[in-house]
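> The file below is run_19.csv, CSV, C-alpha atoms:
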chain,number,residue,atom,x,y,z
I,1,MET,CA,9.4,-12.1,9.7
I,2,ALA,CA,8.0,-9.1,11.6
I,3,ALA,CA,7.6,-5.5,12.1
I,4,GLU,CA,10.8,-4.1,13.6
I,5,ALA,CA,11.2,-4.8,17.2
I,6,ASP,CA,12.0,-1.2,18.2
I,7,GLU,CA,9.2,0.6,16.4
I,8,PRO,CA,5.5,0.9,17.4
I,9,ALA,CA,3.0,-0.9,15.2
I,10,ARG,CA,0.4,1.8,15.3
I,11,ARG,CA,0.4,4.9,13.1
I,12,GLU,CA,3.1,3.6,10.8
I,13,PRO,CA,3.8,5.9,7.8
I,14,ALA,CA,1.7,5.0,4.8
I,15,PRO,CA,3.1,2.3,2.5
I,16,GLY,CA,5.6,3.8,0.1
I,17,SER,CA,7.7,5.5,2.7
I,18,ALA,CA,9.6,2.5,4.0
I,19,GLN,CA,13.1,3.1,5.3
I,20,PRO,CA,16.2,1.2,4.2
I,21,ARG,CA,16.3,-0.7,7.5
I,22,GLN,CA,12.8,-2.0,6.9
I,23,PHE,CA,13.9,-3.4,3.5
I,24,ILE,CA,16.9,-5.0,5.2
I,25,VAL,CA,14.7,-6.6,7.8
I,26,THR,CA,12.5,-8.0,5.0
I,27,VAL,CA,15.5,-9.3,3.1
I,28,TYR,CA,16.9,-11.0,6.3
I,29,GLY,CA,13.5,-12.5,7.0
I,30,LEU,CA,13.1,-13.9,3.5
I,31,TYR,CA,16.6,-15.1,2.6
I,32,SER,CA,19.1,-15.1,5.5
I,33,ARG,CA,17.8,-18.1,7.4
I,34,THR,CA,18.8,-20.5,4.6
I,35,GLU,CA,22.3,-19.2,5.2
I,36,GLY,CA,22.3,-19.7,8.9
I,37,GLY,CA,20.9,-16.2,9.5
I,38,TRP,CA,23.9,-14.5,8.0
I,39,LEU,CA,24.4,-12.3,4.9
I,40,SER,CA,27.5,-10.5,3.7
I,41,VAL,CA,27.6,-6.8,3.6
I,42,ALA,CA,28.4,-7.0,-0.2
I,43,THR,CA,25.3,-9.1,-0.8
I,44,LEU,CA,23.1,-6.7,1.1
I,45,ILE,CA,24.5,-3.7,-0.8
I,46,GLY,CA,23.9,-5.5,-4.1
I,47,LEU,CA,20.3,-6.5,-3.2
I,48,LEU,CA,19.3,-3.1,-1.8
I,49,ALA,CA,20.8,-1.5,-4.9
I,50,ASP,CA,18.1,-3.2,-6.9
I,51,LEU,CA,15.6,-1.3,-4.8
I,52,GLY,CA,17.4,2.0,-5.5
I,53,ILE,CA,19.1,2.3,-2.1
I,54,GLU,CA,22.7,3.5,-2.0
I,55,ALA,CA,25.5,1.7,-0.2
I,56,PRO,CA,26.0,4.4,2.5
I,57,ALA,CA,22.4,4.1,3.5
I,58,VAL,CA,22.6,0.3,3.7
I,59,ARG,CA,25.7,0.5,5.9
I,60,SER,CA,24.1,3.1,8.2
I,61,SER,CA,20.9,1.1,8.5
I,62,ILE,CA,22.8,-2.2,9.2
I,63,SER,CA,24.7,-0.4,12.1
I,64,ARG,CA,21.4,0.9,13.5
I,65,LEU,CA,19.9,-2.6,13.4
I,66,LYS,CA,23.0,-3.9,15.2
I,67,ARG,CA,22.6,-1.3,17.9
I,68,ARG,CA,19.0,-2.3,18.4
I,69,GLY,CA,20.0,-5.9,19.0
I,70,LEU,CA,18.6,-7.5,15.9
I,71,LEU,CA,21.9,-8.1,14.1
I,72,ARG,CA,25.5,-9.0,15.2
I,73,ALA,CA,28.7,-8.5,13.2
I,74,GLU,CA,30.3,-11.7,12.0
I,75,ARG,CA,33.0,-12.5,9.5
I,76,ARG,CA,32.8,-15.7,7.4
I,77,SER,CA,35.6,-16.9,5.2
I,78,GLY,CA,37.1,-13.4,5.5
I,79,ALA,CA,33.9,-11.6,4.4
I,80,ALA,CA,32.3,-8.9,6.5
I,81,GLY,CA,28.7,-9.6,7.3
I,82,TYR,CA,25.9,-9.7,9.9
I,83,ALA,CA,24.0,-12.5,11.4
I,84,LEU,CA,20.6,-12.4,13.1
I,85,SER,CA,20.8,-12.3,16.9
I,86,ASP,CA,18.6,-14.6,19.1
I,87,GLU,CA,16.3,-11.6,19.5
I,88,GLY,CA,16.2,-11.1,15.7
I,89,LEU,CA,15.4,-14.7,15.1
I,90,SER,CA,12.6,-14.7,17.7
I,91,VAL,CA,11.1,-11.5,16.2
I,92,LEU,CA,11.1,-13.1,12.7
I,93,ARG,CA,9.6,-16.4,13.8
I,94,GLU,CA,6.7,-14.5,15.5
I,95,GLY,CA,6.4,-12.4,12.4
I,96,ASP,CA,6.1,-15.4,10.1
I,97,ARG,CA,3.1,-16.6,12.0
I,98,ARG,CA,1.4,-13.2,11.8
I,99,ILE,CA,2.4,-11.9,8.4
I,100,PHE,CA,1.6,-15.0,6.4
I,101,ARG,CA,-1.6,-16.0,8.3
I,102,ARG,CA,-4.5,-16.1,5.8
I,103,ASP,CA,-7.3,-16.9,8.2
I,104,ARG,CA,-9.2,-14.2,10.2
I,105,ALA,CA,-10.6,-14.9,13.6
I,106,THR,CA,-14.3,-15.5,14.0
I,107,PRO,CA,-16.6,-14.1,16.7
I,108,GLY,CA,-16.9,-17.6,18.2
I,109,ASP,CA,-13.1,-17.9,18.7
I,110,GLY,CA,-13.3,-15.6,21.8
I,111,TRP,CA,-10.9,-12.9,22.9
I,112,LEU,CA,-7.7,-12.6,24.8
I,113,LEU,CA,-7.5,-10.1,27.6
I,114,ALA,CA,-4.2,-8.8,28.9
I,115,VAL,CA,-4.8,-7.2,32.3
I,116,PHE,CA,-1.8,-5.5,33.8
I,117,SER,CA,-0.7,-3.2,36.6
I,118,VAL,CA,2.8,-1.7,36.8
I,119,PRO,CA,3.9,0.4,39.8
I,120,GLU,CA,4.6,4.1,39.2
I,121,SER,CA,8.2,3.5,40.3
I,122,GLU,CA,8.6,1.3,37.2
I,123,ARG,CA,7.1,3.6,34.7
I,124,SER,CA,9.5,2.5,31.9
I,125,LYS,CA,8.1,-1.1,32.2
I,126,ARG,CA,4.6,0.2,32.0
I,127,HIS,CA,5.4,2.0,28.8
I,128,LEU,CA,7.1,-1.1,27.5
I,129,MET,CA,4.1,-3.2,28.3
I,130,ARG,CA,1.7,-0.9,26.5
I,131,SER,CA,3.9,-0.5,23.5
I,132,ARG,CA,4.6,-4.2,23.0
I,133,LEU,CA,0.9,-5.2,23.4
I,134,THR,CA,0.0,-2.5,20.9
I,135,ARG,CA,2.7,-3.8,18.6
I,136,LEU,CA,1.2,-7.3,18.8
I,137,GLY,CA,-2.1,-5.8,17.6
I,138,PHE,CA,-4.0,-5.4,20.9
I,139,GLY,CA,-6.8,-2.8,21.1
I,140,THR,CA,-7.3,-0.8,24.3
I,141,ALA,CA,-10.5,-1.7,26.2
I,142,SER,CA,-9.6,0.5,29.1
I,143,ALA,CA,-6.5,1.6,31.2
I,144,GLY,CA,-4.6,-1.6,32.0
I,145,VAL,CA,-7.0,-3.8,30.0
I,146,TYR,CA,-6.0,-4.7,26.4
I,147,ILE,CA,-7.9,-7.0,24.1
I,148,ALA,CA,-7.0,-9.1,21.0
I,149,PRO,CA,-8.3,-12.1,19.1
I,150,ALA,CA,-7.7,-15.3,21.1
I,151,HIS,CA,-5.2,-16.7,18.6
I,152,LEU,CA,-2.6,-14.2,19.9
I,153,TYR,CA,-2.1,-16.0,23.2
I,154,ASP,CA,1.1,-17.9,22.3
I,155,ALA,CA,2.8,-14.8,20.9
I,156,THR,CA,1.7,-12.7,23.8
I,157,ALA,CA,2.8,-15.1,26.5
I,158,GLU,CA,6.2,-15.6,24.8
I,159,MET,CA,6.7,-11.8,24.6
I,160,LEU,CA,5.8,-11.2,28.2
I,161,ARG,CA,8.2,-13.9,29.4
I,162,ARG,CA,11.0,-12.8,27.1
I,163,LEU,CA,10.8,-9.2,28.4
I,164,GLU,CA,10.3,-10.3,32.0
I,165,LEU,CA,6.9,-8.6,32.1
I,166,ASP,CA,4.9,-11.7,33.0
I,167,GLY,CA,5.0,-10.7,36.7
I,168,TYR,CA,2.9,-7.6,36.0
I,169,ALA,CA,0.1,-9.2,33.8
I,170,ASP,CA,-2.6,-11.8,33.7
I,171,LEU,CA,-4.0,-13.2,30.5
I,172,PHE,CA,-7.6,-14.3,30.2
I,173,ARG,CA,-9.7,-16.0,27.6
I,174,ALA,CA,-13.0,-14.1,27.3
I,175,ASP,CA,-16.4,-13.9,25.5
I,176,HIS,CA,-18.3,-10.7,24.9
I,177,LEU,CA,-21.7,-11.2,26.7
I,178,ALA,CA,-23.0,-7.6,27.0
I,179,PHE,CA,-23.6,-4.7,26.5
I,180,GLY,CA,-24.0,-3.1,23.1
I,181,PRO,CA,-23.1,-4.2,19.6
I,182,LEU,CA,-19.7,-5.8,19.4
I,183,GLU,CA,-19.1,-4.1,16.0
I,184,GLU,CA,-19.2,-0.7,17.8
I,185,LYS,CA,-16.9,-1.9,20.5
I,186,VAL,CA,-14.3,-3.1,17.9
I,187,ARG,CA,-14.4,0.4,16.4
I,188,GLN,CA,-13.7,1.9,19.8
I,189,TRP,CA,-10.8,-0.5,20.6
I,190,TRP,CA,-9.1,-0.3,17.2
I,191,ASP,CA,-8.5,2.7,14.9
I,192,LEU,CA,-10.4,1.3,11.9
I,193,ASP,CA,-10.3,4.6,10.1
I,194,GLN,CA,-6.5,4.6,10.1
I,195,LEU,CA,-6.5,0.9,9.1
I,196,GLU,CA,-8.8,1.6,6.1
I,197,LEU,CA,-6.5,4.4,4.9
I,198,LEU,CA,-3.4,2.1,5.2
I,199,TYR,CA,-5.0,-0.8,3.5
I,200,GLY,CA,-6.4,1.4,0.7
I,201,GLU,CA,-2.9,2.9,0.1
I,202,PHE,CA,-1.4,-0.6,-0.1
I,203,VAL,CA,-4.0,-1.6,-2.7
I,204,ARG,CA,-3.5,1.6,-4.7
I,205,LYS,CA,0.3,1.2,-4.7
I,206,HIS,CA,0.7,-2.5,-5.5
I,207,ALA,CA,-2.3,-3.3,-7.6
I,208,GLY,CA,-0.2,-2.3,-10.6
I,209,VAL,CA,2.3,-5.1,-9.9
I,210,LEU,CA,-0.4,-7.5,-11.2
I,211,GLY,CA,0.1,-6.1,-14.6
I,212,ARG,CA,3.8,-6.7,-14.5
I,213,LEU,CA,3.4,-10.4,-13.6
I,214,PRO,CA,3.6,-11.7,-17.3
I,215,ASP,CA,7.0,-9.8,-17.6
I,216,HIS,CA,8.2,-11.4,-14.4
I,217,ALA,CA,7.3,-14.9,-15.8
I,218,ALA,CA,9.6,-14.4,-18.8
I,219,GLY,CA,13.2,-15.7,-18.7
I,220,GLY,CA,15.7,-13.5,-16.9
I,221,ALA,CA,13.1,-11.3,-15.2
I,222,GLU,CA,13.9,-12.5,-11.7
I,223,ARG,CA,15.4,-9.2,-10.7
I,224,GLY,CA,12.1,-7.3,-11.2
I,225,ALA,CA,10.3,-10.0,-9.3
I,226,PHE,CA,12.7,-9.6,-6.4
I,227,ALA,CA,12.4,-5.9,-6.3
I,228,ASP,CA,8.6,-6.0,-6.5
I,229,TYR,CA,8.3,-8.8,-3.9
I,230,VAL,CA,10.5,-7.0,-1.3
I,231,ARG,CA,8.6,-3.8,-1.7
I,232,VAL,CA,5.2,-5.5,-1.4
I,233,LEU,CA,6.2,-7.5,1.6
I,234,THR,CA,7.8,-4.6,3.3
I,235,ASP,CA,4.6,-2.5,3.0
I,236,TRP,CA,2.4,-5.5,3.9
I,237,ARG,CA,4.2,-6.7,7.0
I,238,GLN,CA,3.3,-3.6,9.0
I,239,LEU,CA,-0.5,-4.2,8.5
I,240,PRO,CA,-1.1,-7.5,10.2
I,241,TYR,CA,0.2,-5.9,13.4
I,242,LEU,CA,-2.3,-3.1,13.2
I,243,ASP,CA,-5.1,-5.5,12.3
I,244,PRO,CA,-4.6,-8.7,14.2
I,245,GLY,CA,-7.0,-10.8,12.1
I,246,LEU,CA,-10.1,-9.1,13.4
I,247,PRO,CA,-13.3,-11.1,12.5
I,248,ALA,CA,-14.7,-10.0,9.1
I,249,GLU,CA,-18.2,-10.1,10.6
I,250,LEU,CA,-17.3,-7.2,13.0
I,251,LEU,CA,-15.7,-5.0,10.3
I,252,PRO,CA,-17.4,-2.5,8.0
I,253,GLU,CA,-19.1,-3.9,4.9
I,254,ASP,CA,-16.7,-4.4,1.9
I,255,TRP,CA,-13.7,-4.0,4.2
I,256,VAL,CA,-10.7,-3.0,2.1
I,257,GLY,CA,-8.5,-5.1,4.3
I,258,ILE,CA,-10.0,-8.2,2.7
I,259,ARG,CA,-9.1,-7.0,-0.8
I,260,ALA,CA,-5.6,-6.0,0.4
I,261,ALA,CA,-5.0,-9.5,1.8
I,262,GLU,CA,-6.2,-11.1,-1.4
I,263,LEU,CA,-3.8,-8.9,-3.4
I,264,PHE,CA,-0.8,-9.6,-1.1
I,265,PHE,CA,-1.3,-13.4,-1.2
I,266,THR,CA,-1.8,-13.4,-5.0
I,267,LEU,CA,1.4,-11.4,-5.4
I,268,GLN,CA,3.3,-13.6,-3.0
I,269,SER,CA,2.3,-16.8,-4.8
I,270,ARG,CA,3.4,-15.3,-8.2
I,271,LEU,CA,6.6,-13.5,-7.2
I,272,GLU,CA,8.1,-15.6,-4.5
I,273,ASP,CA,9.8,-18.3,-6.5
I,274,SER,CA,11.4,-15.9,-9.1
I,275,ALA,CA,12.6,-13.6,-6.3
I,276,ARG,CA,14.2,-16.5,-4.4
I,277,ALA,CA,15.9,-17.8,-7.6
I,278,TYR,CA,17.4,-14.3,-8.2
I,279,VAL,CA,18.7,-14.1,-4.6
I,280,ALA,CA,20.0,-17.7,-4.7
I,281,SER,CA,22.0,-17.0,-7.9
I,282,GLY,CA,23.8,-14.2,-6.0
I,283,LEU,CA,24.3,-16.2,-2.8
I,284,SER,CA,25.9,-19.0,-4.7
I,285,ARG,CA,28.8,-16.8,-5.6
I,286,ALA,CA,31.3,-16.1,-2.8
I,287,PRO,CA,31.3,-12.4,-1.7
I,288,ASP,CA,34.5,-10.4,-2.0
I,289,PRO,CA,36.4,-10.7,1.3
I,290,SER,CA,36.5,-6.9,1.7
I,291,GLY,CA,32.7,-6.8,1.9
I,292,ALA,CA,32.9,-3.8,-0.5
I,293,SER,CA,32.1,-5.2,-3.9
I,294,VAL,CA,28.7,-5.6,-5.4
I,295,PRO,CA,27.6,-9.2,-5.9
I,296,SER,CA,26.6,-10.6,-9.3
I,297,THR,CA,22.9,-10.1,-8.5
I,298,ARG,CA,23.4,-6.4,-9.0
I,299,ARG,CA,25.1,-6.8,-12.4
I,300,ARG,CA,22.4,-9.0,-13.9
I,301,ALA,CA,20.0,-7.5,-16.4
Translate this structure into structure tokens?

Amino acid sequence: MAAEADEPARREPAPGSAQPRQFIVTVYGLYSRTEGGWLSVATLIGLLADLGIEAPAVRSSISRLKRRGLLRAERRSGAAGYALSDEGLSVLREGDRRIFRRDRATPGDGWLLAVFSVPESERSKRHLMRSRLTRLGFGTASAGVYIAPAHLYDATAEMLRRLELDGYADLFRADHLAFGPLEEKVRQWWDLDQLELLYGEFVRKHAGVLGRLPDHAAGGAERGAFADYVRVLTDWRQLPYLDPGLPAELLPEDWVGIRAAELFFTLQSRLEDSARAYVASGLSRAPDPSGASVPSTRRRA
């Protein structure tokens, strides 16, 4: 699962302002791959209704994701639906590694440098290079030199090859030797003030879900667990792309990102199974061939 492939990872709107298409990406990332990457339109409408999103907004957002190359229209057993494209599957696989990664880098792990030069005549590729490196979580050391924790090598190399940008870049493994405190450099390379605001908003918005966990554990409460989990994950999945696991030793004392991560993984462990059971109960019923009906998941209490 990942941040959307067509949107920059920096300066996302604060958690709480997620768009319908972002919820759809979350639902596909969590539940479609057990169905071969496909979900019916009826199922999507029913599940998004549990999040308070109306059917026209779902249909419009699905069409937008199709135009952006993440989904492709496909009918199965007469039912209208959409399957993940190869691009969509690739984006979600990379996102799985990032979003559900618990460990932060350490100063001893070293750094990954992406050094690139794109001719002025290919300005669009230069913009694409910068935006995609930023989206992966790179900080800007200087013009044409981007930096990230070393563990991002595989994801970066795959992205450069997939977009045919590898001919314009070199990747280096590096250590910081001199000059000046590395903590100050990290603050220059990444917008930690913005990160602090976003992490803080995530904690403020979702800490209350902890109080609802006993209700979710009760019989028949899977619907609430599903709605909470999708909202939590949709807000969370933007953040690991802004903070690519920066070493805790180089971050401000009592960094709110640590608390935000603890909250997310606690909620994931407590909500995931109930949410999946709720979705599975709807997927087990064949959708209406017209793709217009609301599946049983919507009608459950």
> With only C-alpha atoms as the atoms that count, which of I:Leu233, I:Trp111, I:Phe226, I:Leu71 lies nearest to Ser90 in chain I?
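Comparing I:Leu233, I:Trp111, I:Phe226, I:Leu71 against Ser90 in chain I, the winner is I:Leu71.
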> Counting only C-alpha atoms, what is within 12 Å of Leu133 in chain I, bar same-chain residues fewer than 2 positions away, as a PyMOL selection string?
chain I and resi 8-10+112-116+126-131+135-140+144-148+152-153+155-160+163+165+169+171+241-242+244
> Pick out the closest residue to Asp228 in chain I from this set: I:Glu196, I:Glu74, I:Asp50, I:Glu201. Count only C-alpha atoms.
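Answer, going by the shortest atom-to-atom distance: I:Asp50.
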> Counting all atoms listed in the file, what is within 10 Å of Arg76 in chain I, bar same-chain residues fewer than 2 positions away, as a list in words?
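Skipping anything fewer than 2 positions along the chain leaves Trp38, Leu39, Ser40, Glu74, Gly78, Ala79, Ala80, Gly81, Tyr82, Pro287 and Pro289 of chain I.
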> Could you name the residues that touch Glu249 in chain I at 9 Å or less, counting only C-alpha atoms, but leaving out those on the same chain fewer than 2 positions away, as a PyMOL selection string?
chain I and resi 106-107+183+246-247+251-253
> Which one of I:Pro149, I:Gly37, I:Pro56, I:Gly200 sits closest to Ala73 in chain I if you count all atoms listed in the file?
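Answer, going by the shortest atom-to-atom distance: I:Gly37.
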> In Å, how far is it from CA of Glu122 in chain I to CA of Arg161 in chain I?
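According to the coordinates, CA of Glu122 in chain I and CA of Arg161 in chain I are separated by 17.1 Å.
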> Might you pull out every residue within 7 Å of Arg223 in chain I, with only C-alpha atoms counted and same-chain residues fewer than 2 positions away left off, and present them as a list in words?
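Surrounding residues, per the criterion: Ala221, Ala225, Phe226, Ala227, Ala275 and Tyr278 of chain I.
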> Taking into account only C-alpha atoms, which residue in the set I:Thr134, I:Gln238, I:Gln268, I:Thr43 is nearest to Gly282 in chain I?
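Smallest separation from Gly282 in chain I among the options: I:Thr43.
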> Restricting the calculation to all atoms listed in the file: of I:Val27, I:Ala150, I:Ile258, I:Ile99, which residue gets closest to Trp236 in chain I?
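Among the listed residues, I:Ile99 lies closest to Trp236 in chain I.
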> Enclose all atoms of range 91-110 of chain I listed in the file in an axis-aligned box, grow every side by 4 Å, and hand back centre and edge lengths in Å to one decimal, as JSON.

{"center_x": -2.9, "center_y": -14.7, "center_z": 13.8, "size_x": 36.0, "size_y": 14.4, "size_z": 24.0}
> So how many Å separate CA of Val256 in chain I and CA of Leu198 in chain I, to one decimal?
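Going from CA of Val256 in chain I over to CA of Leu198 in chain I, I get 9.4 Å.
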> Interatomic distance between CA of Glu222 in chain I and CA of Leu30 in chain I?
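Distance reported for this atom pair: 15.3 Å.
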> Please fill the gaps in range 74-92 of chain I so it has N, CA, C and O atoms, and write that as a short mmCIF file (atom, residue, chain, number, x, y, z; two decimals), in the coordinates of the input.

data_model
loop_
_atom_site.label_atom_id
_atom_site.label_comp_id
_atom_site.auth_asym_id
_atom_site.auth_seq_id
_atom_site.Cartn_x
_atom_site.Cartn_y
_atom_site.Cartn_z
N GLU I 74 29.64 -10.39 12.11
CA GLU I 74 30.30 -11.70 12.00
C GLU I 74 30.99 -11.84 10.69
O GLU I 74 30.38 -11.55 9.65
N ARG I 75 32.24 -12.25 10.70
CA ARG I 75 33.00 -12.50 9.50
C ARG I 75 32.92 -13.99 9.14
O ARG I 75 33.07 -14.81 10.04
N ARG I 76 32.74 -14.31 7.88
CA ARG I 76 32.80 -15.70 7.40
C ARG I 76 33.66 -15.80 6.20
O ARG I 76 33.45 -15.05 5.23
N SER I 77 34.63 -16.69 6.26
CA SER I 77 35.60 -16.90 5.20
C SER I 77 36.19 -15.54 4.75
O SER I 77 36.40 -15.27 3.56
N GLY I 78 36.45 -14.70 5.74
CA GLY I 78 37.10 -13.40 5.50
C GLY I 78 36.14 -12.32 5.04
O GLY I 78 36.57 -11.18 4.84
N ALA I 79 34.87 -12.63 4.86
CA ALA I 79 33.90 -11.60 4.40
C ALA I 79 33.18 -10.98 5.54
O ALA I 79 32.72 -11.66 6.46
N ALA I 80 33.04 -9.66 5.48
CA ALA I 80 32.30 -8.90 6.50
C ALA I 80 30.80 -9.18 6.30
O ALA I 80 30.30 -9.19 5.18
N GLY I 81 30.10 -9.39 7.40
CA GLY I 81 28.70 -9.60 7.30
C GLY I 81 28.00 -9.49 8.65
O GLY I 81 28.65 -9.17 9.67
N TYR I 82 26.71 -9.74 8.65
CA TYR I 82 25.90 -9.70 9.90
C TYR I 82 25.00 -10.85 9.96
O TYR I 82 24.40 -11.26 8.96
N ALA I 83 24.88 -11.38 11.18
CA ALA I 83 24.00 -12.50 11.40
C ALA I 83 22.85 -12.04 12.33
O ALA I 83 22.98 -11.08 13.10
N LEU I 84 21.73 -12.72 12.24
CA LEU I 84 20.60 -12.40 13.10
C LEU I 84 20.96 -12.81 14.56
O LEU I 84 21.53 -13.87 14.81
N SER I 85 20.64 -11.95 15.49
CA SER I 85 20.80 -12.30 16.90
C SER I 85 19.66 -13.21 17.32
O SER I 85 18.70 -13.44 16.56
N ASP I 86 19.74 -13.74 18.54
CA ASP I 86 18.60 -14.60 19.10
C ASP I 86 17.35 -13.75 19.09
O ASP I 86 16.27 -14.26 18.78
N GLU I 87 17.47 -12.47 19.47
CA GLU I 87 16.30 -11.60 19.50
C GLU I 87 15.74 -11.44 18.08
O GLU I 87 14.53 -11.50 17.86
N GLY I 88 16.64 -11.23 17.10
CA GLY I 88 16.20 -11.10 15.70
C GLY I 88 15.48 -12.32 15.21
O GLY I 88 14.45 -12.23 14.54
N LEU I 89 16.03 -13.49 15.52
CA LEU I 89 15.40 -14.70 15.10
C LEU I 89 14.02 -14.90 15.72
O LEU I 89 13.07 -15.33 15.07
N SER I 90 13.90 -14.55 17.01
CA SER I 90 12.60 -14.70 17.70
C SER I 90 11.58 -13.73 17.08
O SER I 90 10.43 -14.11 16.86
N VAL I 91 12.00 -12.50 16.77
CA VAL I 91 11.10 -11.50 16.20
C VAL I 91 10.62 -12.03 14.80
O VAL I 91 9.43 -11.95 14.47
N LEU I 92 11.53 -12.59 14.01
CA LEU I 92 11.10 -13.10 12.70
C LEU I 92 10.22 -14.27 12.74
O LEU I 92 9.29 -14.40 11.95
#
